[in-house]
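Data file: entry-v4.txt. Format and content: compact mmCIF, C-alpha atoms.
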# COMPACT_ATOMS: atom_id res chain seq x y z
CA MET A 1 0.00 0.00 0.00
CA LEU A 2 1.29 3.42 -1.03
CA ILE A 3 1.07 6.22 1.54
CA ILE A 4 0.77 9.83 0.38
CA SER A 5 1.08 12.76 2.77
CA CYS A 6 -0.01 16.35 2.15
CA ALA A 7 0.21 19.20 4.62
CA LEU A 8 -3.00 20.87 3.43
CA TYR A 9 -6.43 19.65 2.35
CA LEU A 10 -6.13 22.04 -0.61
CA GLU A 11 -3.08 20.06 -1.79
CA ALA A 12 -4.83 16.75 -1.18
CA LYS A 13 -8.21 17.56 -2.75
CA PRO A 14 -7.25 16.95 -6.43
CA LEU A 15 -5.53 13.68 -5.43
CA ILE A 16 -8.56 12.54 -3.43
CA GLU A 17 -10.82 13.16 -6.40
CA HIS A 18 -8.43 11.73 -9.02
CA PHE A 19 -7.81 8.46 -7.17
CA ASN A 20 -11.41 8.24 -5.89
CA LEU A 21 -10.34 8.14 -2.24
CA LYS A 22 -12.91 7.78 0.53
CA PRO A 23 -12.63 9.06 4.13
CA SER A 24 -11.34 6.57 6.70
CA LEU A 25 -13.78 6.39 9.60
CA ASN A 26 -11.26 5.26 12.22
CA ALA A 27 -8.25 7.56 11.99
CA LYS A 28 -7.77 8.79 15.58
CA GLY A 29 -8.27 12.46 14.77
CA TYR A 30 -6.28 12.44 11.52
CA LYS A 31 -7.87 13.04 8.13
CA ILE A 32 -7.11 9.92 6.10
CA PHE A 33 -8.56 9.04 2.69
CA LYS A 34 -8.18 5.66 1.03
CA ASN A 35 -8.92 3.23 -1.76
CA ASP A 36 -7.78 -0.38 -2.16
CA SER A 37 -4.16 0.46 -3.03
CA LEU A 38 -3.28 3.75 -1.35
CA LYS A 39 -3.94 5.96 1.64
CA LEU A 40 -3.55 9.72 1.86
CA ILE A 41 -3.07 11.53 5.18
CA ILE A 42 -3.37 15.27 5.71
CA THR A 43 -0.70 16.09 8.28
CA GLY A 44 -1.15 19.78 8.94
CA VAL A 45 1.52 22.41 8.41
CA GLY A 46 5.01 22.20 9.90
CA PRO A 47 7.59 19.57 10.81
CA THR A 48 6.10 18.55 14.16
CA ASN A 49 2.66 17.90 12.68
CA ALA A 50 4.17 16.01 9.76
CA ALA A 51 6.34 13.77 11.94
CA SER A 52 3.45 12.99 14.27
CA ALA A 53 1.06 12.10 11.45
CA ILE A 54 3.56 9.96 9.54
CA GLY A 55 4.54 8.17 12.74
CA TYR A 56 0.86 7.41 13.36
CA VAL A 57 0.39 5.97 9.86
CA PHE A 58 3.41 3.68 10.06
CA GLY A 59 2.53 2.61 13.58
CA ARG A 60 -1.06 1.87 12.58
CA TYR A 61 -0.58 0.08 9.26
CA GLN A 62 2.97 -1.30 9.59
CA ASP A 63 3.47 -4.27 7.26
CA LYS A 64 0.78 -3.10 4.81
CA ILE A 65 2.88 -0.10 3.72
CA SER A 66 4.92 -0.56 0.55
CA SER A 67 6.08 3.01 -0.19
CA PHE A 68 5.72 6.63 0.89
CA VAL A 69 5.51 9.92 -1.03
CA ASN A 70 5.15 13.44 0.37
CA ILE A 71 3.37 15.74 -2.09
CA GLY A 72 2.85 19.47 -1.83
CA ILE A 73 3.70 23.00 -2.92
CA ALA A 74 7.06 24.72 -2.44
CA GLY A 75 8.95 27.85 -3.42
CA HIS A 76 11.98 28.29 -5.68
CA LYS A 77 13.79 31.44 -6.74
CA ASP A 78 13.26 31.20 -10.50
CA LEU A 79 11.52 27.97 -11.54
CA GLU A 80 8.24 28.57 -13.34
CA ILE A 81 5.09 28.38 -11.22
CA GLY A 82 3.55 24.93 -11.63
CA THR A 83 6.82 23.07 -12.28
CA LEU A 84 6.79 19.50 -10.94
CA VAL A 85 10.03 18.66 -9.09
CA LEU A 86 11.29 15.43 -7.54
CA ALA A 87 13.62 15.86 -4.56
CA ASP A 88 17.15 14.47 -5.02
CA LYS A 89 18.28 15.82 -1.65
CA ILE A 90 16.23 16.65 1.45
CA SER A 91 17.82 18.83 4.08
CA GLN A 92 17.21 20.92 7.16
CA LYS A 93 19.58 23.39 8.79
CA GLY A 94 21.88 21.72 11.30
CA ARG A 95 20.91 18.18 10.27
CA LYS A 96 22.41 15.56 7.98
CA SER A 97 20.75 15.42 4.58
CA PHE A 98 18.83 12.57 3.02
CA TYR A 99 19.43 11.55 -0.58
CA PRO A 100 16.43 9.75 -2.13
CA GLN A 101 17.42 6.87 -4.39
CA PHE A 102 15.91 6.72 -7.89
CA SER A 103 15.42 3.14 -9.09
CA PHE A 104 13.26 4.26 -12.01
CA GLU A 105 13.65 6.47 -15.05
CA CYS A 106 13.25 10.00 -13.75
CA LYS A 107 11.74 12.30 -16.41
CA ASN A 108 11.31 15.24 -14.07
CA ILE A 109 13.47 18.09 -12.87
CA THR A 110 15.24 17.08 -9.65
CA LYS A 111 16.33 19.58 -7.01
CA GLU A 112 17.25 19.81 -3.38
CA VAL A 113 14.32 20.42 -1.02
CA ILE A 114 15.11 22.43 2.11
CA SER A 115 12.68 22.27 5.01
CA ILE A 116 12.34 25.52 6.96
CA ASP A 117 10.23 26.83 9.86
CA GLU A 118 8.61 29.80 8.11
CA ASP A 119 7.99 31.17 4.63
CA GLU A 120 11.12 31.89 2.58
CA ASN A 121 10.96 34.76 0.08
CA THR A 122 14.65 35.27 -0.73
CA TYR A 123 15.47 31.70 -1.91
CA PRO A 124 19.24 31.85 -1.30
CA GLU A 125 19.95 28.37 -2.74
CA ASP A 126 19.02 26.63 -5.99
CA ALA A 127 16.52 24.58 -4.01
CA LEU A 128 12.86 24.31 -3.16
CA TYR A 129 11.70 25.62 0.21
CA GLU A 130 8.86 24.17 2.27
CA MET A 131 8.28 22.84 5.81
CA GLU A 132 7.40 19.14 5.95
CA SER A 133 9.67 17.06 3.70
CA PHE A 134 12.58 16.51 6.08
CA SER A 135 10.57 15.40 9.10
CA SER A 136 8.33 13.22 6.91
CA TYR A 137 11.30 11.56 5.26
CA GLU A 138 13.11 11.10 8.56
CA VAL A 139 10.20 9.14 10.05
CA ALA A 140 9.53 7.09 6.91
CA ALA A 141 13.23 6.17 6.62
CA LYS A 142 12.97 4.26 9.88
CA PHE A 143 10.58 1.85 8.19
CA LEU A 144 11.29 1.75 4.44
CA PRO A 145 14.31 1.54 2.12
CA LEU A 146 15.28 4.90 0.61
CA GLU A 147 14.21 3.77 -2.89
CA LEU A 148 10.63 3.70 -1.63
CA ILE A 149 10.49 7.16 0.00
CA HIS A 150 10.17 10.30 -2.10
CA SER A 151 9.20 13.96 -1.95
CA LEU A 152 7.35 15.47 -4.88
CA LYS A 153 6.86 19.25 -5.03
CA ILE A 154 5.08 21.71 -7.29
CA VAL A 155 6.47 25.24 -7.49
CA SER A 156 3.89 27.68 -6.12
CA ASP A 157 5.98 30.78 -5.48
CA ASN A 158 9.20 32.42 -6.63
CA LYS A 159 10.84 35.85 -6.65
CA GLY A 160 8.08 37.08 -8.95
CA LYS A 161 5.25 35.75 -6.79
CA GLU A 162 5.68 35.61 -3.02
CA ALA A 163 4.29 32.74 -0.95
CA GLY A 164 1.80 34.94 0.88
CA THR A 165 0.04 35.91 -2.36
CA ILE A 166 -1.15 32.39 -3.27
CA ASP A 167 -4.91 31.95 -3.00
CA GLU A 168 -6.68 28.74 -2.02
CA LYS A 169 -7.99 27.88 -5.49
CA GLU A 170 -4.51 28.22 -6.94
CA VAL A 171 -3.05 25.62 -4.56
CA SER A 172 -5.46 22.93 -5.73
CA SER A 173 -5.11 24.03 -9.35
CA LEU A 174 -1.32 23.56 -9.27
CA ILE A 175 -1.72 19.98 -8.05
CA GLU A 176 -4.53 19.26 -10.51
CA LYS A 177 -2.50 20.41 -13.51
CA ASN A 178 0.27 17.97 -12.56
CA LEU A 179 -1.86 14.88 -11.89
CA SER A 180 -0.59 12.93 -14.91
CA GLY A 181 3.03 13.53 -13.91
CA ILE A 182 2.30 12.66 -10.29
CA GLU A 183 0.50 9.47 -11.31
CA TYR A 184 3.44 8.35 -13.47
CA ILE A 185 5.91 8.76 -10.59
CA LEU A 186 3.64 6.97 -8.11
CA PHE A 187 3.22 4.09 -10.58
CA GLU A 188 6.99 3.77 -11.04
CA ILE A 189 7.60 3.83 -7.29
CA GLU A 190 4.99 1.12 -6.73
CA LYS A 191 6.66 -1.09 -9.37
CA ILE A 192 9.88 -0.84 -7.38
CA ALA A 193 7.93 -1.61 -4.20
CA VAL A 194 6.62 -4.86 -5.70
CA ASN A 195 10.18 -5.94 -6.51
CA PHE A 196 11.28 -5.08 -2.98
CA SER A 197 8.40 -7.05 -1.55
CA ASN A 198 9.49 -10.12 -3.49
CA LEU A 199 13.07 -9.67 -2.28
CA GLN A 200 11.89 -9.25 1.30
CA ASN A 201 9.90 -12.46 1.19
CA LYS A 202 12.81 -14.38 -0.30
CA ASP A 203 15.41 -13.00 2.11
CA ALA A 204 13.23 -13.36 5.19
CA SER A 205 11.78 -16.81 4.46
CA SER A 206 14.79 -18.71 5.80
CA PHE A 207 14.54 -16.76 9.06
CA PHE A 208 10.84 -17.49 9.34
CA ASP A 209 11.47 -21.19 8.65
CA ASN A 210 14.03 -21.48 11.44
CA PHE A 211 12.94 -18.99 14.10
CA HIS A 212 9.70 -17.80 15.65
CA PHE A 213 8.87 -14.13 15.05
CA THR A 214 5.78 -12.22 16.15
CA ALA A 215 3.87 -10.27 13.48
CA THR A 216 5.61 -7.04 14.52
CA GLU A 217 9.02 -8.73 14.52
CA ARG A 218 8.38 -10.13 11.02
CA TYR A 219 7.72 -6.61 9.78
CA GLN A 220 10.86 -5.29 11.50
CA LEU A 221 12.98 -8.09 10.05
CA LYS A 222 11.74 -7.49 6.50
CA MET A 223 12.45 -3.78 6.70
CA ILE A 224 15.93 -4.26 8.15
CA LEU A 225 16.85 -6.90 5.57
CA SER A 226 15.63 -4.64 2.74
CA LYS A 227 17.68 -1.71 3.99
CA LEU A 228 20.77 -3.86 4.44
CA LYS A 229 20.38 -5.23 0.93
CA THR A 230 20.38 -1.71 -0.54
CA LEU A 231 23.50 -0.76 1.42
CA SER A 232 25.58 -3.90 1.04
CA PRO A 233 25.83 -6.85 -1.37
CA ASP A 234 26.78 -9.19 1.48
CA GLU A 235 24.31 -12.05 1.90
CA ILE A 236 22.84 -12.48 5.37
CA LYS A 237 22.02 -16.08 6.20
CA ALA A 238 19.76 -17.35 8.95
CA GLU A 239 22.37 -19.98 9.92
CA GLN A 240 24.57 -17.18 11.27
CA PHE A 241 22.10 -16.68 14.11
CA LYS A 242 21.68 -20.27 15.27
CA GLY A 243 20.68 -20.46 18.95
CA LYS A 244 19.58 -16.82 19.17
CA SER A 245 16.10 -15.54 19.93
CA SER A 246 14.07 -13.44 17.51
CA GLN A 247 14.77 -10.30 19.57
CA GLU A 248 18.51 -11.03 19.55
CA ILE A 249 18.47 -11.49 15.78
CA ILE A 250 16.69 -8.18 15.21
CA SER A 251 19.02 -6.44 17.65
CA LYS A 252 22.12 -7.79 15.87
CA LEU A 253 20.77 -6.82 12.46
CA LYS A 254 19.93 -3.32 13.72
CA GLU A 255 23.51 -2.96 14.96
CA LYS A 256 24.73 -4.01 11.52
CA LEU A 257 22.40 -1.52 9.86
CA LEU A 258 23.47 1.33 12.14
CA SER A 259 27.09 0.65 11.29
CA LYS A 260 26.34 1.55 7.67
CA PRO A 261 25.61 5.16 6.63
CA LEU A 262 21.96 5.78 5.70
CA ASN A 263 22.76 9.32 4.58
CA THR A 264 25.35 10.56 2.15
CA PRO A 265 27.54 13.18 3.88

Output the file's structure in the form of structure tokens.
Amino acid sequence: MLIISCALYLEAKPLIEHFNLKPSLNAKGYKIFKNDSLKLIITGVGPTNAASAIGYVFGRYQDKISSFVNIGIAGHKDLEIGTLVLADKISQKGRKSFYPQFSFECKNITKEVISIDEDENTYPEDALYEMESFSSYEVAAKFLPLELIHSLKIVSDNKGKEAGTIDEKEVSSLIEKNLSGIEYILFEIEKIAVNFSNLQNKDASSFFDNFHFTATERYQLKMILSKLKTLSPDEIKAEQFKGKSSQEIISKLKEKLLSKPLNTP
């Protein structure tokens, strides 16, 4: 299942209509819309709201989630209003940056996305400015391989049109005009997710055959093995962990994962 997050309902509205999403009736105060293959959550504005909402989604749906995409508007100094941009770097001042991995043919402009705490009207870098991408990515990266987490932005403001001058109808219109491009990227990401799912099942099956894991531990093991596979070609065999409990196996694999850099410096 693909998860989409938007900060604003105005950003989400065209996606809800295009994918025929229906409200979830049991979302613990969050606005979640769904169909059989994807869920969309409206997080609210800002990094704290985004992190909280994304954490809720992953905690609630766990092993049903195949991929995650944050979609919304952002500012750039000179890109044309309405330009669809895929993040190739996601950063926040004082933090290490994330570098999304593209395992599909990328036909879009790619740029750095910088998450900030308030509107930016000077655009000092050749980057897009918004508020939620970094915290959203940071939470999702605890659960999914980097190939399956992306940030997709539409330029809504630049030096010729300040952020505060955007009206509500324009926000939805910018998303609506890019629906075909958004749909293509989501489709490509989901194709990668299917391949990862097959790899997960293959890699984890020997562990499941030889050790007892709870449902939550099975999910944790699959995610860790997927991340390790993207970072290292070394094969991890269940026989290496003979005599250990499921918790010990997960702990050892987490240690191995933490020893490898998830971010590019």

### Query
So how far away is atom CA of A:Cys6 from atom CA of A:Val113, in Å?
15.2 Å

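Neighbouring residues of A:Glu183 at 12 Å or closer, counting only C-alpha atoms and skipping chain neighbours under 6 positions away, are Leu2, Ile4, Pro14, Leu15, His18, Phe19, Val69, Ile71, Leu84, Leu152, Ile175, Glu176, Lys177, Ile189 and Glu190 of chain A.
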
Please, could you write that set of residues out with C-alpha atoms as a compact mmCIF listing (two decimals), in the coordinates of the input?
# COMPACT_ATOMS: atom_id res chain seq x y z
CA LEU A 2 1.29 3.42 -1.03
CA ILE A 4 0.77 9.83 0.38
CA PRO A 14 -7.25 16.95 -6.43
CA LEU A 15 -5.53 13.68 -5.43
CA HIS A 18 -8.43 11.73 -9.02
CA PHE A 19 -7.81 8.46 -7.17
CA VAL A 69 5.51 9.92 -1.03
CA ILE A 71 3.37 15.74 -2.09
CA LEU A 84 6.79 19.50 -10.94
CA LEU A 152 7.35 15.47 -4.88
CA ILE A 175 -1.72 19.98 -8.05
CA GLU A 176 -4.53 19.26 -10.51
CA LYS A 177 -2.50 20.41 -13.51
CA ILE A 189 7.60 3.83 -7.29
CA GLU A 190 4.99 1.12 -6.73

#### Entry: Long-range neighbours of stretch 117-128 of chain A as a ChimeraX atom specification, 8 Å cut-off, all atoms listed in the file, 2 positions minimum in chain
/A:46-47,74-77,111-115,130-131,155,158-159,162-163

### Message
With distances taken over only C-alpha atoms, which residue among A:Ile185, A:Leu146, A:Ala238, A:Leu228 lies nearest A:Ser205?
### Response
A:Ala238

### Task
Excluding stretch 245-256 of chain A and residues on its chain fewer than 5 positions from it, collect all residues at most 7 Å away from it, counting all atoms listed in the file, and give them as a ChimeraX atom specification.
/A:211-213,221,224

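Restricting the calculation to only C-alpha atoms, the smallest distance between A:Glu168 and any of A:Tyr30, A:Val85, A:Leu186, A:Ile73 is found for A:Ile73.
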
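Minimum atom-to-atom distance to A:Ala141, evaluated using all atoms listed in the file, belongs to A:Lys227 out of A:Lys22, A:Arg60, A:Lys13, A:Lys227.
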
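Candidate residues A:Ala87, A:Asp63, A:Leu257, A:Ser172 were compared for distance to A:Glu217, and the nearest is A:Asp63, using only C-alpha atoms.
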
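In this comparison, which uses only C-alpha atoms, the residue of A:Leu79, A:Lys191, A:Glu105, A:Phe33 approaching A:Glu17 most closely is A:Phe33.
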
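Compared by their closest atoms to A:Ile109, and using all atoms listed in the file, the residues A:Thr165, A:Ser97, A:Ser37, A:Thr83 rank with A:Thr83 nearest.
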
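Taking atom CA of A:Tyr61 and atom CA of A:Phe104 as endpoints, the distance between them is 25.7 Å.
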
### Task
Excluding A:Ser66 and residues on its chain fewer than 6 positions from it, collect all residues at most 8 Å away from it, counting all atoms listed in the file, and give them as a PyMOL selection string.
chain A and resi 1-3+144+148+190+193-194+197

If you take every atom of stretch 171-175 of chain A that the file lists and fit an axis-aligned box around them with 5 Å extra on each side, what centre and edge lengths come out in Å to one decimal, as lines of an AutoDock Vina configuration file?
center_x = -3.4
center_y = 22.8
center_z = -7.0
size_x = 14.1
size_y = 15.6
size_z = 14.8

### Message
I'd like the contact shell of A:Asn49 - 10 Å cut-off, all atoms listed in the file, skipping same-chain residues fewer than 5 positions apart - returned as a ChimeraX atom specification.
### Response
/A:7,42-44,54-55,132,135-136

### Spatial sel., origin (19.2, 21.6, 9.3), limit 9 Å, only C-alpha atoms, listed as a PyMOL selection string
chain A and resi 91-97+114-116+134

#### Entry: Atom pair atom CA of A:Pro100 / atom CA of A:Val139: separation (Å)
13.7 Å
